[in-house]
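Peer 1: The following file, run_33.csv, comprises CSV, C-alpha atoms and all ligand atoms:
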```csv
chain,number,residue,atom,x,y,z
A,1,MET,CA,73.0,101.7,80.5
A,2,LYS,CA,75.2,103.0,83.3
A,3,ILE,CA,78.7,104.2,82.1
A,4,VAL,CA,81.5,105.2,84.4
A,5,VAL,CA,83.4,108.2,82.8
A,6,LEU,CA,87.1,108.7,83.7
A,7,PRO,CA,88.7,111.6,81.8
A,8,GLY,CA,92.3,110.7,82.4
A,9,ASP,CA,95.5,112.9,81.9
A,10,GLY,CA,96.8,115.3,79.3
A,11,ILE,CA,94.3,115.8,76.5
A,12,GLY,CA,91.9,113.4,78.4
A,13,PRO,CA,89.7,115.9,80.1
A,14,GLU,CA,89.1,118.0,76.9
A,15,THR,CA,88.5,115.1,74.6
A,16,MET,CA,86.3,113.4,77.2
A,17,ALA,CA,84.2,116.5,77.6
A,18,ALA,CA,83.5,116.5,73.9
A,19,THR,CA,82.7,112.8,74.0
A,20,VAL,CA,80.3,113.2,76.9
A,21,GLU,CA,78.4,115.8,74.9
A,22,VAL,CA,78.1,113.3,72.0
A,23,LEU,CA,76.9,110.5,74.4
A,24,GLN,CA,74.3,112.8,75.9
A,25,ALA,CA,73.1,113.7,72.4
A,26,ALA,CA,73.0,109.9,71.4
A,27,SER,CA,71.0,109.2,74.6
A,28,GLN,CA,68.4,111.8,73.7
A,29,ARG,CA,68.2,111.0,70.0
A,30,PHE,CA,67.9,107.2,70.4
A,31,GLY,CA,66.2,107.0,73.8
A,32,LEU,CA,69.1,105.2,75.4
A,33,ASP,CA,68.6,106.5,79.0
A,34,LEU,CA,72.4,106.6,79.5
A,35,GLN,CA,73.4,107.3,83.0
A,36,LEU,CA,76.9,108.8,83.1
A,37,ASP,CA,78.8,108.5,86.4
A,38,HIS,CA,81.7,110.9,86.4
A,39,ASP,CA,84.7,109.9,88.5
A,40,VAL,CA,88.5,110.3,88.3
A,41,ALA,CA,91.5,108.0,87.7
A,42,GLY,CA,95.2,108.9,86.9
A,43,HIS,CA,96.8,112.1,88.1
A,44,GLU,CA,93.6,113.7,89.3
A,45,SER,CA,92.9,110.6,91.4
A,46,LEU,CA,96.5,110.6,92.7
A,47,ARG,CA,96.0,114.2,93.8
A,48,ARG,CA,92.7,113.6,95.5
A,49,HIS,CA,93.1,110.0,96.9
A,50,GLY,CA,96.8,109.3,96.8
A,51,THR,CA,96.4,106.5,94.2
A,52,THR,CA,95.7,106.5,90.4
A,53,VAL,CA,92.8,104.0,90.9
A,54,THR,CA,90.9,103.5,94.2
A,55,PRO,CA,89.4,100.1,95.2
A,56,ALA,CA,86.0,101.8,95.4
A,57,LEU,CA,86.3,102.8,91.7
A,58,LEU,CA,87.0,99.2,90.7
A,59,ALA,CA,83.8,98.1,92.5
A,60,LYS,CA,81.8,100.8,90.8
A,61,VAL,CA,83.1,99.9,87.4
A,62,LYS,CA,82.4,96.2,87.9
A,63,ALA,CA,78.8,97.1,88.8
A,64,ALA,CA,78.4,99.4,85.8
A,65,ASP,CA,77.5,98.4,82.2
A,66,GLY,CA,80.5,100.1,80.6
A,67,LEU,CA,83.5,102.3,81.1
A,68,MET,CA,84.9,105.2,79.2
A,69,LEU,CA,88.5,105.7,80.0
A,70,GLY,CA,90.5,108.7,78.9
A,71,PRO,CA,94.3,108.4,78.0
A,72,MET,CA,96.7,108.3,80.9
A,73,SER,CA,100.2,109.7,81.1
A,74,THR,CA,101.6,106.3,82.1
A,75,TYR,CA,105.2,107.2,81.2
A,76,ASP,CA,105.2,109.7,84.1
A,77,TYR,CA,104.1,107.1,86.6
A,78,THR,CA,106.7,105.5,88.8
A,79,ASP,CA,105.1,103.0,91.1
A,80,GLU,CA,101.5,104.1,90.4
A,81,ILE,CA,98.9,101.7,89.0
A,82,ASN,CA,98.4,102.1,85.2
A,83,PRO,CA,94.6,102.4,85.0
A,84,SER,CA,94.5,101.2,81.4
A,85,ARG,CA,96.4,98.0,82.3
A,86,PHE,CA,94.5,97.7,85.6
A,87,PHE,CA,91.0,97.7,84.1
A,88,ARG,CA,92.0,95.5,81.1
A,89,LYS,CA,93.3,92.9,83.6
A,90,GLU,CA,90.7,93.2,86.4
A,91,LEU,CA,87.8,93.1,83.9
A,92,ASP,CA,89.5,90.5,81.7
A,93,LEU,CA,89.1,92.7,78.6
A,94,TYR,CA,90.9,90.4,76.3
A,95,ALA,CA,89.9,91.8,72.9
A,96,ASN,CA,91.2,95.2,71.9
A,97,ILE,CA,89.2,96.1,68.7
A,98,ARG,CA,90.8,98.9,66.7
A,99,PRO,CA,89.1,99.9,63.4
A,100,ALA,CA,91.0,102.1,61.0
A,101,ARG,CA,89.6,103.5,57.7
A,102,THR,CA,90.3,106.4,55.4
A,103,TRP,CA,87.7,109.2,55.5
A,104,PRO,CA,86.5,111.3,52.5
A,105,GLY,CA,87.8,114.9,53.3
A,106,VAL,CA,90.8,113.8,55.3
A,107,PRO,CA,94.1,113.7,53.3
A,108,HIS,CA,95.7,110.3,53.5
A,109,LYS,CA,99.0,109.1,51.9
A,110,VAL,CA,97.8,105.6,50.9
A,111,ASP,CA,94.9,104.1,49.0
A,112,ALA,CA,91.5,104.1,50.6
A,113,PHE,CA,91.0,101.3,53.1
A,114,ASP,CA,88.8,100.0,55.9
A,115,LEU,CA,90.2,97.4,58.3
A,116,VAL,CA,90.1,96.4,62.0
A,117,VAL,CA,93.1,95.3,64.1
A,118,VAL,CA,92.0,92.7,66.7
A,119,ARG,CA,94.7,92.7,69.4
A,120,GLU,CA,95.1,90.3,72.3
A,121,ASN,CA,95.0,92.4,75.4
A,122,THR,CA,95.8,90.4,78.5
A,123,GLU,CA,99.3,88.8,78.1
A,124,GLY,CA,102.1,88.9,75.6
A,125,PHE,CA,105.1,91.1,76.1
A,126,TYR,CA,103.5,93.3,78.8
A,127,ALA,CA,105.5,92.9,81.9
A,128,ASP,CA,102.8,94.4,84.0
A,129,ARG,CA,100.1,91.9,83.2
A,130,ASN,CA,101.3,88.5,82.3
A,131,ILE,CA,102.3,87.1,85.7
A,132,ALA,CA,100.3,86.6,88.9
A,133,SER,CA,102.6,88.2,91.3
A,134,GLY,CA,105.6,90.5,90.6
A,135,GLY,CA,106.6,91.7,87.1
A,136,SER,CA,107.9,89.7,84.2
A,137,GLU,CA,110.8,92.1,83.5
A,138,MET,CA,113.9,92.0,85.7
A,139,LEU,CA,117.4,93.4,85.9
A,140,ILE,CA,119.7,90.4,86.2
A,141,THR,CA,122.8,92.7,86.7
A,142,PRO,CA,122.9,96.5,86.2
A,143,ASP,CA,123.7,95.8,82.6
A,144,VAL,CA,121.4,92.9,81.8
A,145,ALA,CA,117.6,93.2,81.6
A,146,VAL,CA,115.3,90.3,80.8
A,147,SER,CA,111.7,90.7,79.7
A,148,LEU,CA,109.4,87.7,79.5
A,149,ARG,CA,106.5,87.2,77.1
A,150,ARG,CA,103.6,85.0,78.0
A,151,ILE,CA,101.4,83.2,75.3
A,152,THR,CA,98.7,80.8,76.3
A,153,ARG,CA,96.4,78.6,74.2
A,154,GLY,CA,93.3,79.9,75.9
A,155,CYS,CA,94.1,83.5,75.2
A,156,CYS,CA,95.0,82.8,71.6
A,157,GLU,CA,91.8,80.8,71.1
A,158,ARG,CA,89.5,83.5,72.4
A,159,ILE,CA,91.1,86.4,70.5
A,160,ALA,CA,91.0,84.3,67.3
A,161,ARG,CA,87.3,83.6,67.9
A,162,SER,CA,86.7,87.4,68.3
A,163,ALA,CA,88.5,88.1,65.0
A,164,PHE,CA,86.6,85.4,63.0
A,165,GLU,CA,83.2,86.4,64.5
A,166,LEU,CA,84.0,90.0,63.5
A,167,ALA,CA,85.1,88.9,60.0
A,168,MET,CA,81.7,87.2,59.5
A,169,THR,CA,80.1,90.7,59.8
A,170,ARG,CA,82.6,92.2,57.4
A,171,LYS,CA,84.4,91.0,54.3
A,172,ARG,CA,85.1,87.5,55.7
A,173,HIS,CA,88.9,87.8,55.6
A,174,VAL,CA,91.3,87.3,58.5
A,175,SER,CA,95.0,88.0,58.4
A,176,ILE,CA,97.1,86.4,61.1
A,177,VAL,CA,100.2,88.5,62.1
A,178,HIS,CA,103.0,86.9,64.0
A,179,LYS,CA,106.8,86.4,64.3
A,180,ALA,CA,106.8,82.6,64.3
A,181,ASN,CA,110.1,82.6,62.3
A,182,VAL,CA,111.8,83.7,65.5
A,183,LEU,CA,109.3,83.1,68.3
A,184,LYS,CA,108.6,79.6,67.1
A,185,LEU,CA,106.9,78.3,70.3
A,186,GLY,CA,104.8,81.3,71.4
A,187,ASP,CA,103.8,82.6,67.9
A,188,GLY,CA,103.7,79.0,66.7
A,189,MET,CA,101.0,78.4,69.3
A,190,PHE,CA,99.2,81.6,68.3
A,191,ILE,CA,99.0,80.5,64.6
A,192,GLU,CA,98.0,77.0,65.6
A,193,GLU,CA,95.0,78.3,67.6
A,194,CYS,CA,94.0,80.8,65.0
A,195,GLN,CA,94.0,78.1,62.3
A,196,ARG,CA,92.1,75.7,64.6
A,197,VAL,CA,89.4,78.4,65.1
A,198,ALA,CA,89.4,79.1,61.4
A,199,ARG,CA,88.1,75.6,60.8
A,200,ASP,CA,84.8,76.7,62.4
A,201,PHE,CA,84.5,79.5,59.9
A,202,PRO,CA,85.0,77.9,56.5
A,203,GLU,CA,83.5,81.0,54.7
A,204,VAL,CA,86.4,83.1,56.0
A,205,GLN,CA,89.6,83.5,53.9
A,206,VAL,CA,92.7,83.3,56.0
A,207,ASP,CA,96.3,84.3,55.4
A,208,GLU,CA,99.4,84.8,57.5
A,209,PHE,CA,102.0,87.6,57.6
A,210,ILE,CA,105.3,88.0,59.5
A,211,VAL,CA,104.9,91.2,61.5
A,212,ASP,CA,107.9,93.1,60.1
A,213,ALA,CA,106.9,92.4,56.5
A,214,MET,CA,103.3,93.3,57.5
A,215,MET,CA,104.4,96.9,58.1
A,216,ALA,CA,105.4,97.2,54.5
A,217,HIS,CA,102.3,95.5,53.2
A,218,VAL,CA,100.0,97.8,55.3
A,219,VAL,CA,101.8,100.9,54.0
A,220,ARG,CA,101.9,99.7,50.4
A,221,ALA,CA,98.4,98.2,50.1
A,222,PRO,CA,96.2,98.6,53.2
A,223,GLN,CA,93.1,98.0,51.1
A,224,ARG,CA,93.9,94.3,50.9
A,225,PHE,CA,93.2,93.8,54.6
A,226,ASP,CA,89.9,93.3,56.4
A,227,VAL,CA,90.4,91.9,60.0
A,228,ILE,CA,93.9,91.5,61.3
A,229,VAL,CA,94.5,89.4,64.4
A,230,THR,CA,97.7,89.5,66.4
A,231,THR,CA,99.3,89.3,69.8
A,232,ASN,CA,99.4,92.2,72.3
A,233,MET,CA,102.5,94.3,71.4
A,234,PHE,CA,102.4,93.7,67.7
A,235,GLY,CA,98.8,94.9,67.7
A,236,ASP,CA,99.6,97.9,69.8
A,237,ILE,CA,102.2,99.0,67.3
A,238,LEU,CA,100.4,98.0,64.1
A,239,SER,CA,97.1,99.8,65.2
A,240,ASP,CA,98.9,103.1,65.7
A,241,LEU,CA,100.3,102.7,62.2
A,242,THR,CA,96.9,101.9,60.7
A,243,ALA,CA,95.3,104.8,62.6
A,244,GLU,CA,97.9,107.3,61.4
A,245,LEU,CA,97.6,105.9,57.8
A,246,SER,CA,93.9,106.7,58.0
A,247,GLY,CA,94.8,110.4,58.3
A,248,SER,CA,95.6,110.9,62.0
A,249,LEU,CA,96.2,108.9,65.2
A,250,GLY,CA,93.4,111.1,66.6
A,251,LEU,CA,90.9,109.2,64.4
A,252,GLY,CA,91.6,105.7,65.9
A,253,GLY,CA,88.7,104.4,67.9
A,254,SER,CA,89.1,101.4,70.2
A,255,VAL,CA,87.1,99.2,72.5
A,256,ASN,CA,88.5,96.7,75.0
A,257,ALA,CA,85.9,93.9,75.3
A,258,GLY,CA,85.6,90.9,77.5
A,259,ARG,CA,82.7,88.5,78.2
A,260,ASP,CA,81.0,90.7,80.8
A,261,HIS,CA,82.6,94.1,80.5
A,262,ALA,CA,83.8,96.6,77.9
A,263,MET,CA,85.8,99.8,78.0
A,264,GLY,CA,85.9,102.5,75.3
A,265,GLN,CA,89.3,104.0,75.1
A,266,ALA,CA,91.1,106.2,72.5
A,267,ALA,CA,93.8,104.4,70.6
A,268,HIS,CA,96.3,107.3,71.3
A,269,GLY,CA,98.0,108.4,74.5
A,270,SER,CA,97.6,111.6,76.6
A,271,ALA,CA,99.5,113.8,74.1
A,272,PRO,CA,101.0,116.2,76.7
A,273,ASP,CA,102.6,118.2,73.8
A,274,ILE,CA,99.2,119.5,72.8
A,275,ALA,CA,97.2,119.3,76.1
A,276,GLY,CA,95.1,122.3,77.2
A,277,GLN,CA,95.3,124.0,73.8
A,278,ASP,CA,91.9,123.0,72.4
A,279,ILE,CA,93.5,121.4,69.4
A,280,ALA,CA,93.3,117.7,70.3
A,281,ASN,CA,91.2,115.5,68.1
A,282,PRO,CA,88.2,114.1,70.1
A,283,PHE,CA,87.1,111.7,67.3
A,284,SER,CA,89.1,108.8,68.6
A,285,LEU,CA,87.4,108.9,72.0
A,286,ILE,CA,84.0,109.7,70.4
A,287,LEU,CA,84.3,106.7,68.0
A,288,SER,CA,85.3,104.5,71.0
A,289,ALA,CA,82.2,105.6,72.8
A,290,GLY,CA,80.2,104.6,69.7
A,291,GLN,CA,81.9,101.2,69.8
A,292,LEU,CA,81.0,100.8,73.4
A,293,LEU,CA,77.3,101.5,72.7
A,294,GLY,CA,77.5,98.9,69.9
A,295,TRP,CA,79.1,96.3,72.2
A,296,HIS,CA,76.3,96.8,74.7
A,297,GLY,CA,73.6,96.7,72.0
A,298,GLN,CA,75.0,93.4,70.6
A,299,ARG,CA,75.4,91.8,74.0
A,300,HIS,CA,71.9,92.5,75.1
A,301,GLY,CA,70.2,92.5,71.7
A,302,LEU,CA,69.2,96.2,71.9
A,303,PRO,CA,68.5,97.7,68.4
A,304,ALA,CA,68.5,101.3,69.7
A,305,PHE,CA,72.1,100.9,70.9
A,306,LEU,CA,73.1,99.4,67.6
A,307,ALA,CA,71.4,102.2,65.7
A,308,ALA,CA,73.2,104.8,67.9
A,309,ALA,CA,76.6,103.2,67.3
A,310,GLU,CA,76.0,103.2,63.5
A,311,ALA,CA,74.8,106.8,63.7
A,312,ILE,CA,78.0,107.9,65.5
A,313,GLU,CA,80.1,106.2,62.8
A,314,ARG,CA,78.1,107.9,60.0
A,315,THR,CA,78.1,111.2,61.8
A,316,ALA,CA,81.9,111.1,62.1
A,317,ALA,CA,82.3,110.6,58.4
A,318,ALA,CA,79.9,113.4,57.6
A,319,ALA,CA,81.5,115.8,60.1
A,320,VAL,CA,85.0,115.1,58.8
A,321,GLU,CA,83.8,115.7,55.3
A,322,ALA,CA,82.2,119.0,56.3
A,323,GLY,CA,85.4,120.2,58.0
A,324,GLU,CA,83.8,120.0,61.5
A,325,ALA,CA,86.9,118.4,62.9
A,326,THR,CA,90.3,119.5,64.3
A,327,ARG,CA,93.1,120.6,62.1
A,328,ASP,CA,95.0,117.2,62.2
A,329,ALA,CA,91.9,115.7,60.5
A,330,GLY,CA,91.7,118.4,57.9
A,331,GLY,CA,89.1,120.4,59.8
A,332,ARG,CA,88.9,123.9,61.1
A,333,LEU,CA,87.5,123.6,64.6
A,334,GLY,CA,88.9,123.3,68.1
A,335,THR,CA,88.3,120.3,70.4
A,336,ALA,CA,85.2,121.7,72.2
A,337,ALA,CA,83.6,123.1,69.0
A,338,THR,CA,84.2,119.8,67.3
A,339,GLY,CA,82.3,117.9,70.1
A,340,ARG,CA,79.5,120.5,70.0
A,341,ALA,CA,79.1,120.3,66.2
A,342,PHE,CA,79.2,116.5,66.4
A,343,ALA,CA,76.4,116.4,69.0
A,344,GLN,CA,74.2,118.7,66.9
A,345,ARG,CA,74.8,116.7,63.8
A,346,LEU,CA,73.9,113.5,65.7
A,347,GLN,CA,70.7,115.0,66.9
A,348,GLY,CA,69.6,115.3,63.3
A,349,ALA,CA,70.9,111.9,62.2
A,401,LIG,P1,100.6,109.9,72.2
A,401,LIG,O1,99.7,109.0,71.5
A,401,LIG,O2,100.0,110.6,73.4
A,401,LIG,O3,101.1,111.1,71.1
A,401,LIG,C1,101.8,110.7,69.9
A,401,LIG,C2,101.6,111.9,68.9
A,401,LIG,O4,100.3,111.9,68.4
A,401,LIG,C3,101.8,113.3,69.5
A,401,LIG,O5,102.4,114.1,68.6
A,401,LIG,C4,100.4,113.8,69.8
A,401,LIG,O6,100.3,115.2,69.8
A,401,LIG,C5,99.6,113.2,68.7
A,401,LIG,N1,98.3,112.9,69.1
A,401,LIG,C6,97.9,111.9,70.0
A,401,LIG,N2,96.6,111.9,70.2
A,401,LIG,C7,96.1,113.0,69.4
A,401,LIG,C8,94.8,113.5,69.3
A,401,LIG,N3,93.7,113.1,69.9
A,401,LIG,N4,94.7,114.6,68.4
A,401,LIG,C9,95.8,115.1,67.8
A,401,LIG,N5,97.0,114.6,67.9
A,401,LIG,C10,97.2,113.6,68.8
A,401,LIG,O7,101.9,109.1,72.5
A,401,LIG,P2,103.2,109.6,73.4
A,401,LIG,O8,103.5,111.0,73.2
A,401,LIG,O9,104.2,108.5,73.1
A,401,LIG,O10,102.7,109.3,74.9
A,401,LIG,C11,102.2,110.3,75.8
A,401,LIG,C12,101.7,109.7,77.1
A,401,LIG,O11,100.6,108.9,76.9
A,401,LIG,C13,102.8,108.8,77.8
A,401,LIG,O12,102.8,109.0,79.1
A,401,LIG,C14,102.4,107.4,77.4
A,401,LIG,O13,102.8,106.5,78.4
A,401,LIG,C15,100.9,107.6,77.4
A,401,LIG,N6,100.1,106.6,76.6
A,401,LIG,C16,98.9,106.2,77.2
A,401,LIG,C17,98.1,105.4,76.5
A,401,LIG,C18,96.8,105.0,77.2
A,401,LIG,O14,96.4,105.5,78.2
A,401,LIG,N7,96.0,104.1,76.6
A,401,LIG,C19,98.4,104.9,75.3
A,401,LIG,C20,99.6,105.3,74.7
A,401,LIG,C21,100.4,106.2,75.4
```
Can you give me the file's structure in the form of structure tokens?

Peer 2:
Amino acid sequence: MKIVVLPGDGIGPETMAATVEVLQAASQRFGLDLQLDHDVAGHESLRRHGTTVTPALLAKVKAADGLMLGPMSTYDYTDEINPSRFFRKELDLYANIRPARTWPGVPHKVDAFDLVVVRENTEGFYADRNIASGGSEMLITPDVAVSLRRITRGCCERIARSAFELAMTRKRHVSIVHKANVLKLGDGMFIEECQRVARDFPEVQVDEFIVDAMMAHVVRAPQRFDVIVTTNMFGDILSDLTAELSGSLGLGGSVNAGRDHAMGQAAHGSAPDIAGQDIANPFSLILSAGQLLGWHGQRHGLPAFLAAAEAIERTAAAAVEAGEATRDAGGRLGTAATGRAFAQRLQGA
């Protein structure tokens, strides 16, 4: 499996270095023959090439089997390409899968839970990706801004199918999150498509929640949820909440999956407030790498990759419980030492 590795901005390089150590250990332990192709995107690419993503990089990523993308300081960008958005759109990575669970050994403020947010990734309220040319946000007068949201049946259908297929491998329960009381057409269509797909999965229990009330439900009783399917921006917000409820935003893994490509990417941002201090939690990126191996294993029917993905998940739980994690996750190690300890543990898994 050939994986392009792009460390990104802020805490990206340090968390990616830890993740690479884990990938190399997984490759050795499970005989995966991973070929890691290191390149740059974001600020480092801007410095070297005058752009945050080069056309050559896109070609390379398209030809590879997977991509590991570090977080990007997109808020600092002015006219530069947002690599995260760029790859999601160019590779049609429509399903953003974000698991969140509590971990023995990590203090959490809510009851124990284990759920997955399945977020639509290619349209919705994202002004930079839901229109073919130009942006879908405009200043009508200096005091009036308009932002458009795009919802299409096709995108609703495919994200719903991802959620129900995932639910069949878990507790067979899908919760549809929406705001159809206000966005009657767009979210009405989203619910319609989810319910239509649900008919193909009669074993799966389905319920619906309005997104604002959902925040209260998730904080009050996260254990009642299994797979949550929602549109782009609601999923972005909700999945940060579920990651933080699990103990730390730094524990939220995430894979962006399409039909032919997938990209492992931490759920969090570039955290400039803690960059370069060796305190950033690398688990989110490590767990995302595990999800990427799992996606590849499933797509090509490769048991060794599925075993490696499961071992990374199990090793994360054991490492956290043993305190081999950063302080935000109740551990006692720095970023680099956490990666090293994880890689050693995985070798013995
Ligand atoms: P953030 O997710 O970077 O940080 C939010 C808070 O969580 C901060 O206190 C940070 O220290 C903490 N945190 C985040 N990741 C952590 C980790 N691995 N370990 C420990 N603590 C962690 O969000 P932000 O501060 O709003 O954004 C910073 C930059 O990241 C902005 O430029 C934003 O645009 C960008 N961003 C990028 C992505 C992406 O590339 N996918 C996603 C979100 C935000």

Peer 1: Check which residues of region 150-176 of chain A sit at most 9 Å from region 229-243 of chain A using only C-alpha atoms, and return one row each with the closest pair of atoms and their distance in Å to one decimal, ordered by chain and rising number, as JSON lines.

Peer 2:
```
{"residue": "A:Ile151", "atom": "CA", "partner": "A:Thr231", "partner_atom": "CA", "distance": 8.5}
{"residue": "A:Cys156", "atom": "CA", "partner": "A:Thr231", "partner_atom": "CA", "distance": 8.0}
{"residue": "A:Ile159", "atom": "CA", "partner": "A:Val229", "partner_atom": "CA", "distance": 7.6}
{"residue": "A:Ala160", "atom": "CA", "partner": "A:Val229", "partner_atom": "CA", "distance": 6.8}
{"residue": "A:Ser162", "atom": "CA", "partner": "A:Val229", "partner_atom": "CA", "distance": 8.9}
{"residue": "A:Ala163", "atom": "CA", "partner": "A:Val229", "partner_atom": "CA", "distance": 6.2}
{"residue": "A:Phe164", "atom": "CA", "partner": "A:Val229", "partner_atom": "CA", "distance": 9.0}
{"residue": "A:Val174", "atom": "CA", "partner": "A:Val229", "partner_atom": "CA", "distance": 7.0}
{"residue": "A:Ser175", "atom": "CA", "partner": "A:Val229", "partner_atom": "CA", "distance": 6.2}
{"residue": "A:Ile176", "atom": "CA", "partner": "A:Val229", "partner_atom": "CA", "distance": 5.2}
```

Peer 1: What is the CA of Leu292 (chain A) to CA of Ser254 (chain A) distance in Å?

Peer 2: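 Atom-to-atom, CA of Leu292 (chain A) and CA of Ser254 (chain A) are spaced 8.7 Å apart.
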
Peer 1: When the cut-off is 6 Å and you count only C-alpha atoms and all ligand atoms, which residues lie near ligand LIG 401 (chain A), shown as a list of chain:residue names?

Peer 2: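 The neighbouring residues of ligand LIG 401 (chain A) are, in order, A:Pro71, A:Met72, A:Ser73, A:Thr74, A:Tyr75, A:Asp76, A:Ser84, A:Leu249, A:Gly250, A:His268, A:Gly269, A:Ser270, A:Ala271, A:Asp273, A:Ile274, A:Ala280, A:Asn281, A:Pro282.
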
Peer 1: Which of these residues is nearest to Thr102 (chain A), using all atoms listed in the file: A:Asp200, A:Asp278, A:Glu90, A:Glu244?

Peer 2: A:Glu244

Peer 1: Quick one, how far is CA of Val144 (chain A) from CA of Thr122 (chain A)?

Peer 2: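 Going from CA of Val144 (chain A) over to CA of Thr122 (chain A) covers 25.9 Å.
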
Peer 1: Just checking: using only C-alpha atoms, which residue out of A:Gln265, A:Gln205, A:Gln277, A:Thr141 ends up closest to Arg172 (chain A)?

Peer 2: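 The answer is A:Gln205, which sits nearest to Arg172 (chain A).
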
Peer 1: Which residue is closest to Leu148 (chain A)? Choose from A:Leu287, A:Val4, A:Ala127, A:Ala132 and count only C-alpha atoms.

Peer 2: A:Ala127

Peer 1: Once you count all atoms listed in the file, which residues end up no further than 7 Å from (78.9, 111.0, 70.5) in the file's frame, shown as a PDB file with C-alpha atoms, in the frame of the given file?

Peer 2:
```
ATOM      1  CA  THR A  19      82.700 112.800  74.000  1.00  0.00           C
ATOM      2  CA  VAL A  20      80.300 113.200  76.900  1.00  0.00           C
ATOM      3  CA  GLU A  21      78.400 115.800  74.900  1.00  0.00           C
ATOM      4  CA  VAL A  22      78.100 113.300  72.000  1.00  0.00           C
ATOM      5  CA  LEU A  23      76.900 110.500  74.400  1.00  0.00           C
ATOM      6  CA  ALA A  25      73.100 113.700  72.400  1.00  0.00           C
ATOM      7  CA  ALA A  26      73.000 109.900  71.400  1.00  0.00           C
ATOM      8  CA  ILE A 286      84.000 109.700  70.400  1.00  0.00           C
ATOM      9  CA  ALA A 289      82.200 105.600  72.800  1.00  0.00           C
ATOM     10  CA  GLY A 290      80.200 104.600  69.700  1.00  0.00           C
ATOM     11  CA  ILE A 312      78.000 107.900  65.500  1.00  0.00           C
ATOM     12  CA  PHE A 342      79.200 116.500  66.400  1.00  0.00           C
ATOM     13  CA  ALA A 343      76.400 116.400  69.000  1.00  0.00           C
TER      14      ALA A 343
END
```

Peer 1: Please indicate the distance in Å from CA of Asn96 (chain A) to CA of Val146 (chain A), rounded to one decimal place.

Peer 2: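 Interatomic distance here is 26.2 Å.
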
Peer 1: A:Pro142, A:Ser248, A:Met189, A:His261: which is nearest Gly330 (chain A), counting only C-alpha atoms?

Peer 2: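 The shortest atom-to-atom distance to Gly330 (chain A) comes from A:Ser248.
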
Peer 1: So that I can check the surroundings of region 134-138 of chain A, please list as a VMD selection string every protein, DNA and RNA residue that reaches within 12 Å of it, counting all atoms listed in the file and ignoring chain neighbours fewer than 4 positions away.

Peer 2: chain A and resid 123 to 130 142 to 150
